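Pasting entry.cif here (mmCIF, C-alpha atoms and all ligand atoms):
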data_entry
loop_
_atom_site.label_atom_id
_atom_site.label_comp_id
_atom_site.auth_asym_id
_atom_site.auth_seq_id
_atom_site.Cartn_x
_atom_site.Cartn_y
_atom_site.Cartn_z
CA MET A 1 24.21 38.45 50.74
CA ILE A 2 26.58 41.27 51.67
CA SER A 3 28.37 43.07 48.85
CA SER A 4 32.04 42.48 48.04
CA LYS A 5 32.82 46.01 49.19
CA LYS A 6 31.22 45.38 52.58
CA ALA A 7 32.97 42.01 53.01
CA ILE A 8 36.35 43.65 52.39
CA GLU A 9 35.56 46.46 54.85
CA LEU A 10 34.65 43.93 57.55
CA GLU A 11 37.89 41.98 57.12
CA ASP A 12 39.80 45.21 57.11
CA GLN A 13 38.25 46.44 60.33
CA TYR A 14 37.99 43.27 62.40
CA GLY A 15 40.67 40.94 61.06
CA ALA A 16 44.46 40.82 61.43
CA HIS A 17 46.17 42.18 58.34
CA ASN A 18 48.51 39.22 57.92
CA TYR A 19 47.53 38.71 54.27
CA HIS A 20 47.26 41.02 51.28
CA PRO A 21 44.46 39.44 49.24
CA LEU A 22 43.59 40.28 45.67
CA PRO A 23 40.46 42.48 45.82
CA VAL A 24 37.94 39.75 45.01
CA VAL A 25 35.37 38.28 47.43
CA LEU A 26 34.49 34.66 46.72
CA SER A 27 31.20 33.20 47.79
CA ARG A 28 30.88 29.93 45.87
CA GLY A 29 33.06 27.31 44.21
CA LYS A 30 32.49 24.32 41.94
CA GLY A 31 35.24 22.37 40.19
CA VAL A 32 37.73 24.73 38.54
CA HIS A 33 35.48 27.75 39.05
CA VAL A 34 34.70 30.23 41.83
CA TRP A 35 32.13 33.03 41.88
CA ASP A 36 32.25 36.39 43.63
CA SER A 37 29.44 37.95 45.65
CA GLU A 38 28.14 39.76 42.56
CA GLY A 39 27.96 36.48 40.62
CA LYS A 40 31.02 36.98 38.39
CA LYS A 41 32.67 33.66 37.49
CA TYR A 42 36.43 33.02 37.59
CA TYR A 43 38.90 30.25 36.89
CA ASP A 44 40.79 29.51 40.10
CA PHE A 45 44.50 29.34 39.21
CA LEU A 46 45.69 29.33 42.80
CA SER A 47 43.61 26.39 44.09
CA ALA A 48 44.23 27.56 47.67
CA TYR A 49 47.97 27.04 47.21
CA SER A 50 47.33 23.58 45.68
CA ALA A 51 44.98 22.37 48.42
CA VAL A 52 41.98 22.28 46.08
CA SER A 53 43.65 20.01 43.51
CA GLN A 54 40.50 17.86 43.29
CA GLY A 55 38.41 20.97 42.45
CA HIS A 56 36.10 23.03 44.65
CA CYS A 57 33.43 21.16 46.62
CA HIS A 58 34.13 17.81 44.99
CA PRO A 59 30.86 15.86 45.43
CA ARG A 60 32.54 12.65 46.53
CA ILE A 61 34.62 14.40 49.21
CA THR A 62 31.79 16.61 50.49
CA GLU A 63 29.60 13.50 50.65
CA ALA A 64 32.20 11.73 52.81
CA LEU A 65 32.32 14.82 55.03
CA LYS A 66 28.53 15.04 55.38
CA THR A 67 28.05 11.37 56.16
CA GLN A 68 30.80 11.24 58.76
CA ALA A 69 29.76 14.62 60.23
CA GLU A 70 26.42 13.09 61.12
CA THR A 71 28.02 9.98 62.60
CA LEU A 72 31.10 10.87 64.66
CA THR A 73 33.48 13.82 64.32
CA LEU A 74 35.93 13.83 67.19
CA THR A 75 36.87 11.41 69.92
CA SER A 76 40.38 12.74 70.68
CA ARG A 77 43.14 10.16 70.79
CA GLY A 78 42.21 9.49 74.39
CA PHE A 79 40.04 6.74 72.91
CA TYR A 80 40.30 4.65 69.75
CA ASN A 81 37.91 5.42 66.91
CA ASN A 82 36.70 2.99 64.25
CA ILE A 83 38.02 4.99 61.26
CA LEU A 84 41.60 5.95 62.17
CA GLY A 85 43.14 2.50 61.75
CA GLU A 86 41.44 2.02 58.39
CA TYR A 87 42.77 5.41 57.26
CA GLU A 88 46.28 4.65 58.54
CA ARG A 89 46.40 1.43 56.56
CA PHE A 90 45.01 3.20 53.48
CA VAL A 91 47.37 6.18 53.51
CA THR A 92 50.52 4.19 54.29
CA THR A 93 49.72 1.74 51.48
CA TYR A 94 48.95 4.60 49.09
CA PHE A 95 52.34 6.22 49.69
CA SER A 96 54.33 3.04 50.41
CA MET A 97 55.48 4.16 53.86
CA ASP A 98 55.41 2.05 57.03
CA LYS A 99 53.64 4.39 59.43
CA VAL A 100 51.72 7.64 59.68
CA LEU A 101 51.21 10.31 62.32
CA PRO A 102 48.09 12.37 61.56
CA MET A 103 48.09 16.14 62.13
CA ASN A 104 45.95 19.02 60.83
CA THR A 105 47.94 21.79 59.16
CA GLY A 106 51.12 21.76 57.13
CA ALA A 107 53.23 23.72 59.59
CA GLU A 108 52.21 21.36 62.39
CA ALA A 109 53.27 18.39 60.28
CA VAL A 110 56.65 20.04 59.57
CA GLU A 111 57.10 20.68 63.32
CA THR A 112 56.25 17.03 63.95
CA ALA A 113 58.81 15.87 61.38
CA ILE A 114 61.49 18.07 62.97
CA LYS A 115 60.73 16.66 66.40
CA LEU A 116 60.76 13.10 65.09
CA CYS A 117 64.03 13.70 63.27
CA ARG A 118 65.74 15.20 66.32
CA LYS A 119 64.54 12.39 68.60
CA TRP A 120 65.81 9.81 66.12
CA GLY A 121 69.17 11.63 66.12
CA TYR A 122 69.50 11.41 69.89
CA GLU A 123 67.98 8.00 70.49
CA LYS A 124 69.12 6.02 67.44
CA LYS A 125 72.13 7.84 66.05
CA GLY A 126 73.60 8.77 69.43
CA ILE A 127 73.98 12.53 68.92
CA PRO A 128 74.87 14.28 72.24
CA GLU A 129 71.94 16.04 73.89
CA ASN A 130 70.89 19.37 72.31
CA GLU A 131 73.52 19.13 69.55
CA ALA A 132 71.35 17.82 66.69
CA LYS A 133 71.35 19.83 63.47
CA ILE A 134 69.01 19.71 60.52
CA ILE A 135 70.08 20.92 57.05
CA VAL A 136 67.60 23.09 55.12
CA CYS A 137 67.74 25.06 51.85
CA HIS A 138 67.88 28.73 50.96
CA ASN A 139 64.51 30.21 49.99
CA ASN A 140 62.66 27.32 51.61
CA PHE A 141 59.03 27.57 52.62
CA HIS A 142 57.83 25.15 55.30
CA GLY A 143 55.23 27.26 57.15
CA ARG A 144 55.26 30.12 59.64
CA THR A 145 55.59 28.89 63.21
CA ILE A 146 58.47 30.26 65.31
CA THR A 147 60.72 27.24 64.70
CA ILE A 148 60.01 27.15 60.99
CA ILE A 149 60.62 30.87 60.40
CA SER A 150 63.84 30.46 62.40
CA PHE A 151 65.36 28.71 59.38
CA SER A 152 63.59 30.70 56.67
CA ASN A 153 65.11 33.61 54.79
CA ASP A 154 61.82 35.41 54.43
CA ASP A 155 62.74 38.48 56.46
CA ASN A 156 59.18 39.73 56.41
CA ALA A 157 57.89 36.58 58.12
CA LYS A 158 60.81 36.55 60.59
CA LYS A 159 61.06 40.16 61.62
CA ASN A 160 60.72 40.87 65.38
CA SER A 161 59.71 37.30 66.17
CA GLY A 162 62.95 36.14 67.82
CA PRO A 163 64.60 34.62 69.73
CA TYR A 164 64.78 32.01 67.02
CA THR A 165 65.10 28.22 67.36
CA PRO A 166 68.71 27.07 66.83
CA GLY A 167 69.83 23.81 65.23
CA PHE A 168 69.46 24.45 61.50
CA ILE A 169 72.08 24.87 58.78
CA LYS A 170 71.14 26.46 55.45
CA ILE A 171 72.66 25.42 52.12
CA PRO A 172 71.90 26.55 48.56
CA TYR A 173 69.05 24.66 46.86
CA ASN A 174 69.92 22.18 44.12
CA ASN A 175 73.55 21.92 45.23
CA THR A 176 74.72 18.42 46.12
CA ASP A 177 78.33 19.58 46.60
CA ALA A 178 77.23 21.94 49.37
CA LEU A 179 75.17 19.15 50.92
CA ALA A 180 78.07 16.67 50.78
CA GLU A 181 80.33 19.23 52.44
CA ILE A 182 77.94 19.96 55.33
CA LEU A 183 77.25 16.25 55.81
CA LYS A 184 80.90 15.90 56.91
CA GLN A 185 80.08 17.85 60.07
CA PRO A 186 79.19 15.90 63.22
CA ASP A 187 75.70 15.73 64.78
CA ILE A 188 73.66 16.16 61.59
CA THR A 189 70.36 14.33 61.95
CA GLY A 190 68.30 15.32 58.90
CA PHE A 191 67.95 17.12 55.57
CA LEU A 192 64.58 18.83 55.13
CA VAL A 193 63.79 19.77 51.54
CA GLU A 194 61.01 20.65 49.11
CA PRO A 195 61.53 18.45 46.01
CA ILE A 196 60.35 21.47 43.99
CA GLN A 197 60.30 24.84 45.75
CA GLY A 198 56.69 26.02 45.55
CA GLU A 199 56.50 29.37 47.31
CA ALA A 200 59.90 30.40 45.95
CA GLY A 201 58.25 30.25 42.51
CA ALA A 202 58.08 26.67 41.21
CA ILE A 203 61.84 26.15 41.23
CA VAL A 204 62.55 22.73 39.74
CA PRO A 205 66.00 21.35 40.66
CA ASP A 206 68.19 19.20 38.38
CA ASP A 207 66.68 15.79 37.59
CA ASP A 208 69.09 13.93 39.84
CA PHE A 209 69.27 16.40 42.74
CA ILE A 210 66.71 14.66 44.93
CA SER A 211 67.94 11.11 44.32
CA ASN A 212 71.59 12.16 44.82
CA ALA A 213 70.73 14.11 47.96
CA ALA A 214 68.85 11.13 49.38
CA GLN A 215 71.81 8.85 48.65
CA LEU A 216 74.26 11.28 50.32
CA CYS A 217 71.98 11.36 53.37
CA LYS A 218 71.79 7.59 53.48
CA ASP A 219 75.58 7.26 53.29
CA ALA A 220 75.92 9.76 56.15
CA ASN A 221 73.21 8.12 58.29
CA VAL A 222 71.09 11.28 58.08
CA LEU A 223 67.31 11.29 57.59
CA PHE A 224 66.02 12.50 54.23
CA ILE A 225 62.82 14.48 54.84
CA ALA A 226 60.63 15.46 51.88
CA ASP A 227 58.15 18.30 52.41
CA GLU A 228 55.57 17.49 49.73
CA ILE A 229 52.79 19.58 51.24
CA GLN A 230 52.53 21.62 48.04
CA THR A 231 54.19 19.37 45.44
CA GLY A 232 52.70 16.03 46.45
CA ILE A 233 49.51 14.16 45.51
CA ALA A 234 49.58 14.53 41.71
CA ARG A 235 50.31 18.29 41.55
CA THR A 236 53.58 17.96 39.64
CA GLY A 237 52.46 15.14 37.34
CA SER A 238 53.54 12.22 39.50
CA LEU A 239 52.12 10.92 42.77
CA LEU A 240 54.90 12.77 44.60
CA ALA A 241 57.55 15.09 43.23
CA ILE A 242 60.18 12.66 44.58
CA CYS A 243 58.81 10.11 42.11
CA GLY A 244 60.67 12.05 39.40
CA ASP A 245 59.31 11.01 36.04
CA CYS A 246 57.80 7.80 37.33
CA THR A 247 54.58 7.30 35.41
CA CYS A 248 52.63 4.96 37.65
CA GLU A 249 49.27 6.13 38.90
CA GLY A 250 49.51 6.06 42.67
CA PHE A 251 50.03 2.87 44.68
CA CYS A 252 53.44 3.15 43.12
CA GLU A 253 55.53 0.14 42.23
CA ARG A 254 58.45 2.22 43.45
CA GLN A 255 60.68 1.59 40.51
CA GLY A 256 62.89 3.70 38.34
CA THR A 257 63.25 7.23 39.53
CA TYR A 258 61.52 7.05 42.91
CA THR A 259 63.46 8.21 45.96
CA GLN A 260 62.47 6.63 49.26
CA PRO A 261 62.28 9.31 51.95
CA ASP A 262 62.78 8.53 55.64
CA ILE A 263 60.06 11.05 56.45
CA LEU A 264 57.38 12.31 54.06
CA ILE A 265 55.23 15.34 54.93
CA LEU A 266 51.81 15.85 53.31
CA GLY A 267 49.02 18.40 53.72
CA LYS A 268 46.97 20.69 51.47
CA ALA A 269 45.47 18.37 48.78
CA LEU A 270 45.37 15.48 51.26
CA SER A 271 41.85 16.73 52.04
CA GLY A 272 41.01 18.30 48.68
CA GLY A 273 40.72 21.60 50.52
CA ILE A 274 37.62 20.49 52.40
CA TYR A 275 39.09 20.31 55.89
CA PRO A 276 42.60 20.73 57.36
CA VAL A 277 44.37 17.37 57.18
CA SER A 278 48.13 16.82 57.25
CA ALA A 279 50.28 13.77 57.78
CA VAL A 280 53.80 12.74 58.63
CA LEU A 281 54.74 9.38 57.17
CA ALA A 282 57.91 7.56 58.16
CA SER A 283 59.71 4.27 58.29
CA LYS A 284 58.91 2.08 61.29
CA GLU A 285 62.40 2.61 62.70
CA VAL A 286 61.94 6.39 62.72
CA MET A 287 58.31 6.55 63.82
CA ASP A 288 58.87 4.15 66.69
CA VAL A 289 61.05 6.69 68.53
CA LEU A 290 57.83 8.46 69.56
CA LYS A 291 56.34 7.00 72.72
CA SER A 292 53.07 7.62 74.48
CA GLY A 293 52.57 11.22 75.60
CA GLN A 294 55.52 12.59 73.62
CA HIS A 295 53.49 14.18 70.84
CA GLY A 296 49.87 14.77 70.00
CA SER A 297 47.02 16.90 68.73
CA THR A 298 43.41 17.12 69.88
CA PHE A 299 42.06 17.06 66.34
CA GLY A 300 44.79 14.99 64.60
CA GLY A 301 43.44 11.68 63.35
CA ASN A 302 39.79 12.52 63.94
CA PRO A 303 37.31 10.33 62.04
CA LEU A 304 35.97 13.23 59.97
CA ALA A 305 39.46 14.11 58.72
CA CYS A 306 40.24 10.46 58.02
CA LYS A 307 37.12 9.94 55.89
CA VAL A 308 37.74 13.18 53.99
CA ALA A 309 41.36 12.22 53.27
CA ILE A 310 40.42 8.73 52.05
CA ALA A 311 37.86 10.23 49.66
CA ALA A 312 40.31 12.92 48.49
CA LEU A 313 42.99 10.32 47.69
CA GLU A 314 40.50 8.03 45.94
CA VAL A 315 39.47 10.93 43.70
CA VAL A 316 43.13 11.50 42.73
CA GLN A 317 43.33 7.90 41.56
CA ASP A 318 39.91 7.39 40.05
CA GLU A 319 40.00 10.63 38.06
CA ASN A 320 43.55 10.10 36.80
CA LEU A 321 44.78 13.42 38.17
CA ILE A 322 48.44 12.39 37.89
CA GLN A 323 48.13 11.81 34.14
CA ASN A 324 46.05 14.95 33.67
CA ALA A 325 48.51 17.15 35.56
CA ARG A 326 51.39 15.80 33.53
CA LYS A 327 49.71 16.13 30.16
CA LEU A 328 48.06 19.51 30.68
CA GLY A 329 51.10 20.89 32.50
CA LYS A 330 53.18 20.29 29.42
CA LEU A 331 50.52 21.82 27.19
CA PHE A 332 50.30 24.87 29.47
CA ARG A 333 54.06 25.47 29.43
CA ASP A 334 54.19 25.01 25.65
CA GLU A 335 51.42 27.59 25.19
CA MET A 336 53.01 29.96 27.70
CA GLU A 337 56.39 29.61 25.95
CA LYS A 338 54.74 31.18 22.91
CA LEU A 339 53.58 34.15 25.01
CA VAL A 340 57.01 34.51 26.64
CA HIS A 341 58.46 34.59 23.14
CA SER A 342 55.96 37.21 21.92
CA TYR A 343 55.69 39.60 24.86
CA ASP A 344 58.53 41.44 26.60
CA LEU A 345 56.53 41.56 29.83
CA PHE A 346 57.26 37.86 30.37
CA THR A 347 60.78 36.52 30.78
CA LYS A 348 60.22 32.86 31.58
CA ILE A 349 57.73 30.08 32.28
CA ARG A 350 58.90 27.22 34.48
CA GLY A 351 57.51 24.42 36.60
CA LYS A 352 56.41 20.82 36.50
CA GLY A 353 52.98 19.28 36.05
CA LEU A 354 50.40 21.91 36.98
CA LEU A 355 52.68 23.81 39.37
CA ASN A 356 54.07 26.57 37.18
CA ALA A 357 55.41 30.08 37.51
CA LEU A 358 55.53 32.95 35.06
CA LEU A 359 58.35 35.46 35.54
CA ILE A 360 57.59 39.11 34.93
CA ASP A 361 60.23 41.43 33.51
CA ASP A 362 60.43 43.91 36.34
CA ALA A 363 62.13 44.46 39.71
CA PRO A 364 61.08 42.11 42.55
CA ASP A 365 59.75 45.11 44.49
CA SER A 366 57.72 46.49 41.56
CA ASP A 367 53.93 46.16 41.54
CA THR A 368 53.80 44.94 37.92
CA ALA A 369 52.96 41.30 38.76
CA TRP A 370 50.30 42.46 41.21
CA ARG A 371 48.71 44.77 38.63
CA PHE A 372 48.85 41.97 36.05
CA CYS A 373 47.00 39.67 38.48
CA VAL A 374 44.35 42.35 39.00
CA ALA A 375 43.97 42.60 35.21
CA LEU A 376 43.69 38.78 34.99
CA LYS A 377 41.01 38.90 37.66
CA ASP A 378 39.04 41.46 35.65
CA ASN A 379 39.24 39.03 32.72
CA GLY A 380 38.03 36.08 34.81
CA LEU A 381 41.17 34.29 36.03
CA LEU A 382 42.51 34.33 39.60
CA ALA A 383 46.21 33.99 40.29
CA LYS A 384 48.54 35.48 42.87
CA PRO A 385 52.09 36.83 42.73
CA THR A 386 54.70 35.11 44.85
CA HIS A 387 57.93 36.96 45.70
CA GLY A 388 57.12 40.15 43.81
CA ASN A 389 57.60 39.55 40.14
CA ILE A 390 56.63 35.87 39.89
CA ILE A 391 53.07 34.67 39.22
CA ARG A 392 52.16 31.13 40.24
CA PHE A 393 49.69 29.22 38.06
CA ALA A 394 48.26 26.15 39.80
CA PRO A 395 44.72 25.31 38.68
CA PRO A 396 42.73 22.39 40.10
CA LEU A 397 44.05 19.18 38.53
CA ILE A 398 40.61 18.25 37.21
CA ILE A 399 40.86 21.03 34.61
CA THR A 400 40.15 19.91 31.04
CA GLU A 401 42.21 20.70 27.94
CA GLU A 402 39.45 22.94 26.61
CA GLN A 403 39.28 24.90 29.86
CA LEU A 404 43.05 25.21 30.02
CA LEU A 405 43.21 26.62 26.50
CA GLU A 406 40.47 29.10 27.40
CA CYS A 407 42.67 30.21 30.33
CA VAL A 408 45.69 30.62 28.05
CA ALA A 409 43.46 32.83 25.86
CA ILE A 410 42.57 34.93 28.92
CA ILE A 411 46.25 35.37 29.77
CA ARG A 412 47.00 36.29 26.13
CA LYS A 413 44.17 38.83 26.01
CA THR A 414 45.35 40.31 29.32
CA VAL A 415 48.95 40.79 28.22
CA GLN A 416 47.81 42.32 24.91
CA ASN A 417 46.00 45.06 26.77
CA PHE A 418 48.48 45.53 29.62
CA SER A 419 50.91 48.38 29.96
CA LYS A 420 53.79 48.13 32.37
C1 LIG B 1 51.78 25.44 52.55
C2 LIG B 1 53.05 24.78 52.92
C3 LIG B 1 53.39 24.53 54.25
C4 LIG B 1 52.55 25.01 55.41
O1 LIG B 1 51.27 24.49 55.41
P1 LIG B 1 50.11 25.21 56.30
O2 LIG B 1 48.94 24.29 56.18
O3 LIG B 1 49.87 26.55 55.69
O4 LIG B 1 50.64 25.32 57.68
C5 LIG B 1 54.57 23.85 54.51
N1 LIG B 1 55.38 23.45 53.50
C6 LIG B 1 55.10 23.68 52.21
C7 LIG B 1 56.02 23.19 51.15
C8 LIG B 1 53.94 24.38 51.87
O5 LIG B 1 53.68 24.64 50.59
#
Same coordinates, now as structure tokens:
Amino acid sequence: MISSKKAIELEDQYGAHNYHPLPVVLSRGKGVHVWDSEGKKYYDFLSAYSAVSQGHCHPRITEALKTQAETLTLTSRGFYNNILGEYERFVTTYFSMDKVLPMNTGAEAVETAIKLCRKWGYEKKGIPENEAKIIVCHNNFHGRTITIISFSNDDNAKKNSGPYTPGFIKIPYNNTDALAEILKQPDITGFLVEPIQGEAGAIVPDDDFISNAAQLCKDANVLFIADEIQTGIARTGSLLAICGDCTCEGFCERQGTYTQPDILILGKALSGGIYPVSAVLASKEVMDVLKSGQHGSTFGGNPLACKVAIAALEVVQDENLIQNARKLGKLFRDEMEKLVHSYDLFTKIRGKGLLNALLIDDAPDSDTAWRFCVALKDNGLLAKPTHGNIIRFAPPLIITEEQLLECVAIIRKTVQNFSK
């Protein structure tokens, strides 16, 4: 096996420099752990941005992959395959939505949702051609295609990539007054929102923001679109973040705090990190605006992806990941509160379930959070800063209480020996 040093040199020389990875080279993963090329073991507290919620190389999901890989992998949608329909019934039942459109990556699914929303606006709501507008939030993260960065305020991702796609209006996050005001304008077709902002640093809105926003959209005949690519599938201690504090374990009864979206976007943990699988789920009325030839993907809905996604979702249910994320998330924040209280380096811990962020007391452009993550790495825990002085902590949801407390001890030891 090549050394970590060599692996980094190769990426540096032959790859695009569109990421700035922590200097660690991973060569193996199992459950909550990953190992580097020299055999050092780490806790993975990034979980590939919440894609590996079920843990690395989950045996049940890899088994589904292996079996289907030896049977049939890709037919294209030019023909039917014997797995897609079964998956479509499974995933729509699981999330209580009428219909699904299978895609591969998150950004593709967001693009699909935007297209669907605009078409609905023209064909069902009667918006004049090319006038449809979609409302989005400040500091959103929905991916990095040209259209998506067009309505982002991440200047680094946007710079020198114009001309940008028009048709989006930005409002502050967690502000129903601003939403109500914009909804008075004509030709609004949708509101695209993350129920908890992940990349922005686990920003949890007021309890009633999502349900109120959905109601305002409904009253204005505007589609409510939830991007749950990062927050969905047990991550925040409920099946979806839009479930609020609903405690049911998947196959939700849809009572209490649940908000019904018109369009629901999933990705990341939908495959347990084994294979790129994303999905756009919608009501029948919305999905039926798409006709033959109007959208598609060579790989979307392939039988391998379908089998992997079914296994990944079964694991979420059978291993009680919703309950575990809720219980251990609370424990983690309680333990981190103690550290925030004891050490000036930390100003705040926030989040929901096992999607949490630790705020570092330094300027957003300082390298303190980065250096702290390097120190954590040296002590056996991998995490990554987001937006400068914020560190996201999102371990696989299969983590046990004992393991979580060991991780808190690593963080404590690291801060004790860290100088800003
Ligand atoms: C990761 C993410 C995306 C983009 O997904 P990719 O698979 O990287 O294209 C979109 N929206 C949210 C909320 C995400 O966290």
Any residue with an atom at most 10 Å from ligand LIG 1 (chain B) counts, using only C-alpha atoms and all ligand atoms. Which are they? Put them as a compact mmCIF listing (two decimals) with C-alpha atoms, keeping the file's coordinate frame.
# COMPACT_ATOMS: atom_id res chain seq x y z
CA ALA A 48 44.23 27.56 47.67
CA TYR A 49 47.97 27.04 47.21
CA SER A 50 47.33 23.58 45.68
CA ALA A 51 44.98 22.37 48.42
CA ASN A 104 45.95 19.02 60.83
CA THR A 105 47.94 21.79 59.16
CA GLY A 106 51.12 21.76 57.13
CA ALA A 107 53.23 23.72 59.59
CA GLU A 108 52.21 21.36 62.39
CA ALA A 109 53.27 18.39 60.28
CA VAL A 110 56.65 20.04 59.57
CA GLU A 111 57.10 20.68 63.32
CA ASN A 140 62.66 27.32 51.61
CA PHE A 141 59.03 27.57 52.62
CA HIS A 142 57.83 25.15 55.30
CA GLY A 143 55.23 27.26 57.15
CA ARG A 144 55.26 30.12 59.64
CA THR A 145 55.59 28.89 63.21
CA ILE A 148 60.01 27.15 60.99
CA VAL A 193 63.79 19.77 51.54
CA GLU A 194 61.01 20.65 49.11
CA PRO A 195 61.53 18.45 46.01
CA ILE A 196 60.35 21.47 43.99
CA GLN A 197 60.30 24.84 45.75
CA GLY A 198 56.69 26.02 45.55
CA GLU A 199 56.50 29.37 47.31
CA ALA A 200 59.90 30.40 45.95
CA ALA A 226 60.63 15.46 51.88
CA ASP A 227 58.15 18.30 52.41
CA GLU A 228 55.57 17.49 49.73
CA ILE A 229 52.79 19.58 51.24
CA GLN A 230 52.53 21.62 48.04
CA THR A 231 54.19 19.37 45.44
CA GLY A 232 52.70 16.03 46.45
CA ILE A 265 55.23 15.34 54.93
CA LEU A 266 51.81 15.85 53.31
CA GLY A 267 49.02 18.40 53.72
CA LYS A 268 46.97 20.69 51.47
CA PRO A 276 42.60 20.73 57.36
CA VAL A 277 44.37 17.37 57.18
CA SER A 278 48.13 16.82 57.25
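Comparing the minimum interatomic distances between Lys115 of chain A and each of A:Val289, A:Ala202, A:Leu304, A:Leu397, counting all atoms listed in the file, we find that A:Val289 sits nearest.
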(message) Excluding Lys348 of chain A and its own-chain neighbours fewer than 4 positions away, which residues fall within 10 Å of it when counting all atoms listed in the file? Please give them as a ChimeraX atom specification.
(response) /A:333,336-337,339-341,357-361,390
(message) Can you tell me which residues surround Lys119 of chain A at a distance of at most 10 Å, considering all atoms listed in the file, apart from same-chain residues fewer than 4 positions away, and format the answer as number ranges by chain?
(response) A: 113-115, 123-127, 129, 132, 189, 286-287, 289-290
(request) Give as a list of chain:residue names every residue, naming chains and numbers as the document does, that has an atom within 10 Å of (61.6, 35.8, 61.9), counting only C-alpha atoms. (result) A:Arg144, A:Thr145, A:Ile146, A:Thr147, A:Ile148, A:Ile149, A:Ser150, A:Phe151, A:Ser152, A:Asn153, A:Asp154, A:Asp155, A:Asn156, A:Ala157, A:Lys158, A:Lys159, A:Asn160, A:Ser161, A:Gly162, A:Pro163, A:Tyr164, A:Thr165
(request) For atom CA of Val315 of chain A and atom CA of Ile61 of chain A, quote the distance in Å rounded to one decimal. (result)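 These atoms are spaced 8.1 Å apart.
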(request) Fewer than 4 positions away in the same chain doesn't count, so skip those; otherwise give me all residues within 12 Å of Ile398 of chain A, counting all atoms listed in the file, as number ranges by chain. (result) A: 30-33, 44-45, 47, 52-56, 58, 234-235, 272, 315-329, 354, 394, 402-404
(message) I need the residue nearest Leu355 of chain A from this list: A:Lys330, A:Arg371, A:Lys377, A:Lys6. Use all atoms listed in the file for the distance.
(response) A:Lys330
(request) Compile the contact shell of Glu335 of chain A as a list in words: residues with an atom at most 10 Å away, counting all atoms listed in the file, same-chain residues fewer than 6 positions apart removed. (result)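 Close residues of Glu335 of chain A: Gly329, Ile349, Leu404, Leu405, Val408, Ala409 and Arg412 of chain A.
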